[in-house]
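Structure below is entry08.cif: mmCIF, C-alpha atoms and all ligand atoms.
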data_run
#
loop_
_atom_site.label_atom_id
_atom_site.label_comp_id
_atom_site.auth_asym_id
_atom_site.auth_seq_id
_atom_site.Cartn_x
_atom_site.Cartn_y
_atom_site.Cartn_z
CA MET A 1 -23.70 79.99 -17.41
CA VAL A 2 -27.46 80.17 -17.21
CA LEU A 3 -28.00 76.57 -18.27
CA GLN A 4 -26.14 75.18 -15.29
CA ALA A 5 -29.06 75.25 -12.87
CA ASP A 6 -31.11 72.97 -15.10
CA PHE A 7 -28.55 70.24 -14.76
CA VAL A 8 -28.20 70.24 -11.01
CA GLY A 9 -30.57 67.80 -9.31
CA THR A 10 -31.04 67.39 -5.58
CA ARG A 11 -30.84 63.60 -5.55
CA PRO A 12 -29.12 61.44 -8.13
CA LEU A 13 -31.28 59.93 -10.82
CA ILE A 14 -29.20 56.75 -10.73
CA SER A 15 -27.28 55.28 -7.85
CA PHE A 16 -25.40 51.96 -7.85
CA GLN A 17 -24.30 50.93 -4.37
CA HIS A 18 -21.72 48.14 -4.19
CA VAL A 19 -23.35 46.22 -7.00
CA TRP A 20 -22.12 42.77 -7.95
CA LYS A 21 -23.38 40.58 -10.76
CA LYS A 22 -22.54 36.93 -11.11
CA TYR A 23 -24.31 35.01 -13.88
CA PRO A 24 -25.58 31.49 -13.20
CA ASN A 25 -22.63 30.03 -15.13
CA GLY A 26 -20.25 31.59 -12.60
CA THR A 27 -19.05 34.58 -14.67
CA GLU A 28 -18.59 37.57 -12.44
CA ALA A 29 -19.57 40.39 -14.79
CA LEU A 30 -19.68 43.28 -12.28
CA ARG A 31 -17.65 43.67 -9.10
CA ASP A 32 -18.53 46.21 -6.49
CA ILE A 33 -19.83 48.95 -8.77
CA THR A 34 -20.62 52.20 -6.97
CA LEU A 35 -21.60 55.24 -8.99
CA THR A 36 -24.12 58.04 -9.05
CA VAL A 37 -25.59 59.89 -11.99
CA PRO A 38 -27.28 63.24 -11.41
CA GLU A 39 -30.35 64.17 -13.39
CA GLY A 40 -29.47 65.79 -16.70
CA ASP A 41 -26.09 64.07 -16.99
CA PHE A 42 -24.69 62.78 -20.26
CA LEU A 43 -22.25 60.00 -19.70
CA PHE A 44 -20.34 57.46 -21.65
CA LEU A 45 -19.64 53.96 -20.46
CA VAL A 46 -16.47 52.64 -22.04
CA GLY A 47 -14.27 49.60 -21.65
CA PRO A 48 -13.00 46.60 -23.59
CA SER A 49 -15.25 43.87 -24.88
CA GLY A 50 -16.48 41.77 -21.97
CA ALA A 51 -15.81 44.55 -19.43
CA GLY A 52 -19.40 44.49 -18.20
CA LYS A 53 -21.00 47.48 -19.97
CA SER A 54 -24.06 45.64 -21.27
CA SER A 55 -24.40 43.83 -17.96
CA LEU A 56 -24.53 47.17 -16.15
CA ILE A 57 -27.19 48.34 -18.61
CA ARG A 58 -29.23 45.16 -18.19
CA LEU A 59 -29.26 45.74 -14.43
CA LEU A 60 -30.23 49.37 -14.93
CA ILE A 61 -33.25 48.48 -17.06
CA ARG A 62 -34.09 45.69 -14.63
CA GLU A 63 -33.64 42.94 -17.18
CA GLU A 64 -31.33 41.33 -14.63
CA LYS A 65 -31.05 41.67 -10.86
CA PRO A 66 -27.82 42.26 -8.97
CA THR A 67 -26.32 39.38 -7.01
CA LYS A 68 -25.36 41.84 -4.28
CA GLY A 69 -25.83 45.56 -3.75
CA LYS A 70 -28.56 48.05 -4.52
CA ILE A 71 -29.58 50.10 -7.52
CA PHE A 72 -31.80 53.14 -7.17
CA VAL A 73 -33.35 54.95 -10.10
CA ASP A 74 -35.41 58.05 -9.48
CA GLY A 75 -35.66 57.17 -5.80
CA GLN A 76 -36.87 53.63 -6.39
CA GLU A 77 -34.85 50.55 -5.51
CA LEU A 78 -34.99 48.28 -8.53
CA GLY A 79 -34.47 45.08 -6.54
CA ARG A 80 -37.61 45.77 -4.52
CA MET A 81 -39.78 46.72 -7.44
CA LYS A 82 -42.84 44.53 -7.92
CA ARG A 83 -43.18 42.78 -11.23
CA ARG A 84 -46.39 44.64 -11.98
CA HIS A 85 -44.56 47.96 -11.64
CA LEU A 86 -41.98 47.02 -14.25
CA PRO A 87 -43.91 48.37 -17.25
CA TYR A 88 -44.23 51.75 -15.50
CA TYR A 89 -40.55 51.76 -14.73
CA ARG A 90 -39.58 50.81 -18.27
CA ARG A 91 -41.59 53.76 -19.54
CA LYS A 92 -39.32 56.11 -17.63
CA VAL A 93 -36.38 54.67 -19.52
CA GLY A 94 -35.92 55.03 -23.27
CA LEU A 95 -33.84 52.22 -24.74
CA VAL A 96 -31.72 52.33 -27.86
CA PHE A 97 -29.67 49.39 -29.10
CA GLN A 98 -26.99 48.78 -31.69
CA ASP A 99 -29.31 46.74 -33.92
CA PHE A 100 -32.29 49.15 -33.81
CA LYS A 101 -34.86 46.42 -33.00
CA LEU A 102 -37.59 47.86 -35.22
CA LEU A 103 -40.63 45.86 -36.22
CA PRO A 104 -40.10 45.14 -39.94
CA LYS A 105 -43.77 44.88 -40.87
CA LEU A 106 -44.71 48.24 -39.36
CA THR A 107 -44.15 51.64 -40.92
CA VAL A 108 -41.93 54.26 -39.32
CA TYR A 109 -44.96 55.93 -37.79
CA GLU A 110 -46.43 52.65 -36.55
CA ASN A 111 -43.13 51.54 -35.01
CA VAL A 112 -43.26 54.63 -32.83
CA ALA A 113 -47.02 54.71 -32.23
CA PHE A 114 -47.04 51.03 -31.27
CA ALA A 115 -45.26 51.79 -27.99
CA LEU A 116 -48.23 53.98 -27.00
CA ARG A 117 -50.93 51.81 -28.55
CA VAL A 118 -50.06 48.90 -26.28
CA LEU A 119 -50.77 51.18 -23.33
CA GLY A 120 -54.22 51.93 -24.65
CA GLU A 121 -53.57 55.66 -25.01
CA ALA A 122 -56.19 57.75 -26.78
CA GLY A 123 -55.77 58.06 -30.54
CA SER A 124 -55.24 61.82 -30.37
CA VAL A 125 -52.47 61.41 -27.79
CA ILE A 126 -50.80 58.69 -29.85
CA LYS A 127 -50.85 60.85 -32.96
CA ALA A 128 -49.54 63.99 -31.26
CA ARG A 129 -46.74 62.25 -29.35
CA SER A 130 -45.60 60.02 -32.21
CA THR A 131 -45.53 62.92 -34.64
CA GLU A 132 -43.60 65.07 -32.20
CA ALA A 133 -41.03 62.34 -31.54
CA LEU A 134 -40.53 61.74 -35.25
CA GLN A 135 -40.14 65.47 -35.83
CA THR A 136 -37.48 65.62 -33.13
CA VAL A 137 -35.41 63.01 -34.94
CA GLY A 138 -35.95 64.63 -38.34
CA LEU A 139 -38.10 61.93 -39.91
CA ALA A 140 -41.42 63.72 -40.29
CA ASP A 141 -41.26 63.11 -44.05
CA LYS A 142 -40.75 59.33 -43.80
CA LEU A 143 -43.75 58.29 -41.73
CA ASP A 144 -45.08 55.77 -44.25
CA LYS A 145 -41.78 54.08 -45.07
CA TYR A 146 -40.88 50.64 -43.81
CA PRO A 147 -37.61 50.00 -41.92
CA ARG A 148 -36.10 48.15 -44.92
CA GLU A 149 -36.55 51.30 -47.02
CA LEU A 150 -34.39 53.36 -44.65
CA SER A 151 -30.65 53.79 -44.17
CA GLY A 152 -29.07 52.51 -40.95
CA GLY A 153 -28.90 56.03 -39.56
CA GLU A 154 -32.57 56.61 -40.33
CA GLN A 155 -33.52 53.32 -38.71
CA GLN A 156 -31.65 54.35 -35.59
CA ARG A 157 -33.54 57.66 -35.63
CA VAL A 158 -36.82 55.72 -35.63
CA ALA A 159 -35.57 53.72 -32.66
CA ILE A 160 -34.69 56.96 -30.88
CA ALA A 161 -38.14 58.41 -31.64
CA ARG A 162 -39.66 55.25 -30.19
CA ALA A 163 -37.53 55.74 -27.08
CA LEU A 164 -38.66 59.36 -26.81
CA VAL A 165 -42.35 58.77 -27.17
CA HIS A 166 -42.86 58.23 -23.43
CA LYS A 167 -40.89 61.40 -22.68
CA PRO A 168 -38.42 59.38 -20.60
CA LYS A 169 -36.28 60.90 -17.86
CA LEU A 170 -33.50 58.53 -18.77
CA ILE A 171 -32.21 57.30 -22.09
CA VAL A 172 -30.00 54.24 -22.07
CA ALA A 173 -28.17 53.33 -25.25
CA ASP A 174 -25.97 50.28 -25.78
CA GLU A 175 -23.58 50.90 -28.71
CA PRO A 176 -26.10 52.99 -30.65
CA THR A 177 -23.54 53.92 -33.32
CA GLY A 178 -21.97 50.45 -33.52
CA ASN A 179 -23.59 49.58 -36.87
CA LEU A 180 -23.19 53.01 -38.46
CA ASP A 181 -20.44 54.64 -40.48
CA PRO A 182 -18.53 57.40 -38.66
CA ALA A 183 -20.40 60.34 -40.23
CA THR A 184 -23.81 58.82 -39.52
CA GLY A 185 -22.68 57.84 -36.03
CA TRP A 186 -21.71 61.42 -35.42
CA GLU A 187 -25.13 62.65 -36.54
CA ILE A 188 -26.83 60.21 -34.20
CA MET A 189 -24.59 61.41 -31.38
CA GLN A 190 -25.63 65.00 -32.11
CA LEU A 191 -29.20 63.90 -31.76
CA PHE A 192 -28.54 62.40 -28.32
CA LEU A 193 -26.84 65.63 -27.26
CA GLN A 194 -29.80 67.63 -28.47
CA ILE A 195 -32.22 65.38 -26.57
CA ASN A 196 -30.11 65.68 -23.43
CA HIS A 197 -30.01 69.43 -23.80
CA LYS A 198 -33.52 70.27 -24.95
CA ALA A 199 -35.62 67.49 -23.44
CA LYS A 200 -33.43 67.43 -20.29
CA ALA A 201 -33.21 63.67 -20.52
CA THR A 202 -30.32 61.99 -18.75
CA VAL A 203 -28.30 59.93 -21.24
CA LEU A 204 -26.14 56.92 -20.40
CA MET A 205 -24.43 55.38 -23.38
CA ALA A 206 -22.11 52.42 -23.75
CA THR A 207 -19.80 52.91 -26.70
CA HIS A 208 -16.57 51.74 -28.31
CA ASN A 209 -16.37 54.94 -30.31
CA ARG A 210 -13.26 56.54 -28.89
CA ASP A 211 -13.24 59.46 -31.34
CA ILE A 212 -16.68 60.61 -30.31
CA VAL A 213 -15.94 60.18 -26.60
CA ASP A 214 -12.72 62.17 -26.85
CA LEU A 215 -14.29 64.91 -28.88
CA LEU A 216 -17.34 65.46 -26.70
CA ARG A 217 -15.51 65.67 -23.37
CA ARG A 218 -18.43 64.50 -21.28
CA ARG A 219 -18.34 62.33 -18.22
CA VAL A 220 -16.69 59.01 -18.99
CA ILE A 221 -16.94 55.95 -16.78
CA ALA A 222 -14.47 53.26 -17.79
CA ILE A 223 -15.04 49.71 -16.64
CA ASP A 224 -12.67 46.81 -16.96
CA GLY A 225 -13.05 43.32 -15.56
CA GLY A 226 -16.39 44.37 -14.06
CA GLN A 227 -14.93 47.25 -12.05
CA VAL A 228 -15.02 51.00 -12.44
CA VAL A 229 -11.44 51.95 -13.27
CA ARG A 230 -12.01 55.60 -14.17
CA ASP A 231 -14.75 58.19 -13.66
CA ASP A 232 -13.83 61.46 -15.29
CA ARG A 233 -16.19 64.32 -14.98
CA ALA A 234 -15.07 66.34 -17.99
CA SER A 235 -15.07 70.01 -17.17
CA GLY A 236 -15.55 71.33 -20.66
CA TYR A 237 -19.29 70.88 -20.90
CA HIS A 238 -20.12 74.27 -22.36
CA GLU A 239 -17.12 74.19 -24.64
CA ALA A 240 -18.23 70.79 -25.84
CA LEU A 241 -21.71 72.09 -26.45
CA ALA A 242 -20.40 75.01 -28.45
CA ALA A 243 -18.02 72.77 -30.40
CA SER A 244 -20.83 70.41 -31.26
CA GLY A 245 -22.71 73.26 -32.89
CA LEU A 246 -25.70 72.94 -30.58
CA ARG A 247 -27.46 75.99 -29.23
CA ALA A 248 -30.04 76.39 -26.51
N1 LIG B 1 -26.21 36.13 -19.86
C1 LIG B 1 -24.93 35.90 -19.53
N2 LIG B 1 -24.57 34.73 -18.93
C2 LIG B 1 -23.29 34.49 -18.60
N3 LIG B 1 -22.27 35.33 -18.81
C3 LIG B 1 -22.56 36.50 -19.40
C4 LIG B 1 -23.89 36.85 -19.80
N4 LIG B 1 -23.87 38.06 -20.37
C5 LIG B 1 -22.60 38.46 -20.33
N5 LIG B 1 -21.80 37.53 -19.75
C6 LIG B 1 -20.36 37.64 -19.46
O1 LIG B 1 -20.17 38.74 -18.60
C7 LIG B 1 -19.03 39.48 -18.96
C8 LIG B 1 -19.43 40.91 -19.30
O2 LIG B 1 -20.18 40.90 -20.51
P1 LIG B 1 -20.90 42.18 -21.09
O3 LIG B 1 -21.77 41.74 -22.22
O4 LIG B 1 -21.53 42.94 -20.00
O5 LIG B 1 -19.63 43.01 -21.65
P2 LIG B 1 -19.56 44.31 -22.55
O6 LIG B 1 -18.67 45.27 -21.86
O7 LIG B 1 -20.93 44.78 -22.89
O8 LIG B 1 -18.82 43.79 -23.87
P3 LIG B 1 -18.99 44.26 -25.41
O9 LIG B 1 -18.17 45.51 -25.53
O10 LIG B 1 -18.38 43.12 -26.19
O11 LIG B 1 -20.44 44.46 -25.69
C9 LIG B 1 -18.37 38.74 -20.11
O12 LIG B 1 -17.41 37.87 -19.55
C10 LIG B 1 -19.52 37.94 -20.69
O13 LIG B 1 -19.06 36.76 -21.31
MG MG B 2 -22.00 45.00 -24.66
#
Show me, as structure tokens, the structure contained in the file I just sent.
Ligand SMILES: Nc1ncnc2c1ncn2[C@@H]1O[C@H](COP(=O)(O)OP(=O)(O)OP(=O)(O)O)[C@@H](O)[C@H]1O
Ligand SMILES: [Mg+2]
Amino acid sequence: MVLQADFVGTRPLISFQHVWKKYPNGTEALRDITLTVPEGDFLFLVGPSGAGKSSLIRLLIREEKPTKGKIFVDGQELGRMKRRHLPYYRRKVGLVFQDFKLLPKLTVYENVAFALRVLGEAGSVIKARSTEALQTVGLADKLDKYPRELSGGEQQRVAIARALVHKPKLIVADEPTGNLDPATGWEIMQLFLQINHKAKATVLMATHNRDIVDLLRRRVIAIDGGQVVRDDRASGYHEALAASGLRA
């Protein structure tokens, strides 16, 4: 199909090479993880509680460093990145968490705009980008609301808009539907699919939501005891896209 070419990158966006993570208390959270993620991929990270999903994500966003092994993102080795380059790196990565992490005293608009304000962007840029991101997530009519005035699904949409505002190449989500009811979780998942498809952002998502994973038939990496135990590249991408109701 015509879309295929857009999803084929020449070098992987993410590459883990024999990565180990042992926490200071002795817990070995990741053992010899090797995986590559091409640009444009949409993949689920699954596994039982304590398997190492969040640890893998914390390494990927450079919140933690590996004990052994190397991680490359967009050609850069994270372990060699200078501290002063971290903010630039983090801008390439949009983060979405289970508990939204919105600032309660800021409006919807300000929660999103804040991410750009701290960079000292021009007012016109802030306005255009924040408005666009909030339109993408379907919240253009709630700009002046505060997080407490929104449903859980709406709060997660704000968090996704905040993640999108830097136009990240990579979106990393740790249990983004964990606090939502199934129908709302499904809507949020549709939004991630749309962002992957339209904005060409690579999406890596840790989830316990088996129903969604089974239904979407995307790549699934299963980890257990800190090791990759399964890496299924689902073949039904276009079928999944059609089934999800998304169109180009
Ligand atoms: N900061 C830490 N210090 C020490 N041990 C940790 C730390 N964070 C996680 N662990 C341990 O590492 C292992 C992997 O934890 P991790 O949070 O990555 O699992 P997970 O797959 O995300 O689980 P869940 O599905 O419950 O979120 C667990 O044994 C956990 O107790
Ligand atoms: Mg976790």
Requested in this report: May I ask you to write as a list in words all residues lying at most 9 Å from ligand MG 2 (chain B), with all atoms listed in the file counted?
Outcome: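 After applying the 9 Å limit, what remains is Ser49, Gly50, Ala51, Gly52, Lys53, Ser54, Ser55, Ile57, Asp174, Glu175, Ala206 and Thr207 of chain A.
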Produce the centre coordinates and the three edge lengths, each in Å to one decimal, of the box along x, y and z that contains all listed atoms of ligand LIG 1 (chain B) with 6 Å added on each side, as JSON.
{"center_x": -21.8, "center_y": 40.0, "center_z": -22.4, "size_x": 20.8, "size_y": 23.0, "size_z": 19.6}
Requested in this report: Find the residue from A:Ile188, A:Val203, A:Val158, A:Ile171 that sits nearest to Tyr146 of chain A; use all atoms listed in the file when measuring.
Outcome: A:Val158
Report task. Go ahead and compute the interatomic distance for atom CA of Ile71 of chain A and atom CA of Val118 of chain A, in Å to one decimal. Result ->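 Taking atom CA of Ile71 of chain A and atom CA of Val118 of chain A, their separation equals 27.8 Å.
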**Report entry** Shell of 10 Å around Arg62 of chain A, all atoms listed in the file, local chain residues under 5 positions omitted, as a PyMOL selection string
**Finding:** chain A and resi 56-57+71+78-79+81+86+89-90
Write out as a tab-separated table the residues of chain A that have any atom within 12 Å of an atom of ligand LIG 1 (chain B), one row each with the nearest atom pair and its distance in Å to one decimal, counting all atoms listed in the file, sorted by chain and then rising number.
residue	atom	partner	partner_atom	distance
A:Trp20	CA	B:LIG1	O1	11.6
A:Lys21	CA	B:LIG1	O1	8.7
A:Lys22	CA	B:LIG1	N3	7.9
A:Tyr23	CA	B:LIG1	C2	4.9
A:Pro24	CA	B:LIG1	C2	6.6
A:Asn25	CA	B:LIG1	C2	5.7
A:Gly26	CA	B:LIG1	C2	7.3
A:Thr27	CA	B:LIG1	N3	5.3
A:Glu28	CA	B:LIG1	O1	6.5
A:Ala29	CA	B:LIG1	O1	4.2
A:Leu30	CA	B:LIG1	C8	7.4
A:Arg31	CA	B:LIG1	C8	10.7
A:Leu45	CA	B:LIG1	O6	8.9
A:Val46	CA	B:LIG1	O6	7.7
A:Gly47	CA	B:LIG1	O6	6.2
A:Pro48	CA	B:LIG1	O9	5.6
A:Ser49	CA	B:LIG1	O9	3.4
A:Gly50	CA	B:LIG1	O5	3.4
A:Ala51	CA	B:LIG1	O6	3.8
A:Gly52	CA	B:LIG1	O4	3.2
A:Lys53	CA	B:LIG1	O6	3.7
A:Ser54	CA	B:LIG1	O7	3.6
A:Ser55	CA	B:LIG1	O4	3.6
A:Leu56	CA	B:LIG1	O4	6.5
A:Ile57	CA	B:LIG1	O4	7.9
A:Arg58	CA	B:LIG1	O4	8.2
A:Leu59	CA	B:LIG1	O4	9.9
A:Leu60	CA	B:LIG1	O4	11.9
A:Glu63	CA	B:LIG1	N1	10.4
A:Glu64	CA	B:LIG1	N1	9.0
A:Lys65	CA	B:LIG1	N1	11.6
A:Phe97	CA	B:LIG1	O11	11.0
A:Gln98	CA	B:LIG1	O11	9.9
A:Ala173	CA	B:LIG1	O7	11.4
A:Asp174	CA	B:LIG1	O7	8.0
A:Glu175	CA	B:LIG1	O11	7.8
A:Pro176	CA	B:LIG1	O11	11.4
A:Gly178	CA	B:LIG1	O11	10.0
A:Met205	CA	B:LIG1	O7	11.2
A:Ala206	CA	B:LIG1	O7	7.8
A:Thr207	CA	B:LIG1	O9	7.7
A:His208	CA	B:LIG1	O9	7.0
A:Asn209	CA	B:LIG1	O9	10.7
A:Ile221	CA	B:LIG1	O6	12.0
A:Ala222	CA	B:LIG1	O6	9.9
A:Ile223	CA	B:LIG1	O6	7.8
A:Asp224	CA	B:LIG1	O6	7.9
A:Gly225	CA	B:LIG1	C8	7.8
A:Gly226	CA	B:LIG1	C8	7.0
A:Gln227	CA	B:LIG1	C8	10.6
A:Val228	CA	B:LIG1	O6	11.6
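Atom CA of Ser124 of chain A sits 18.4 Å away from atom CA of Thr107 of chain A.
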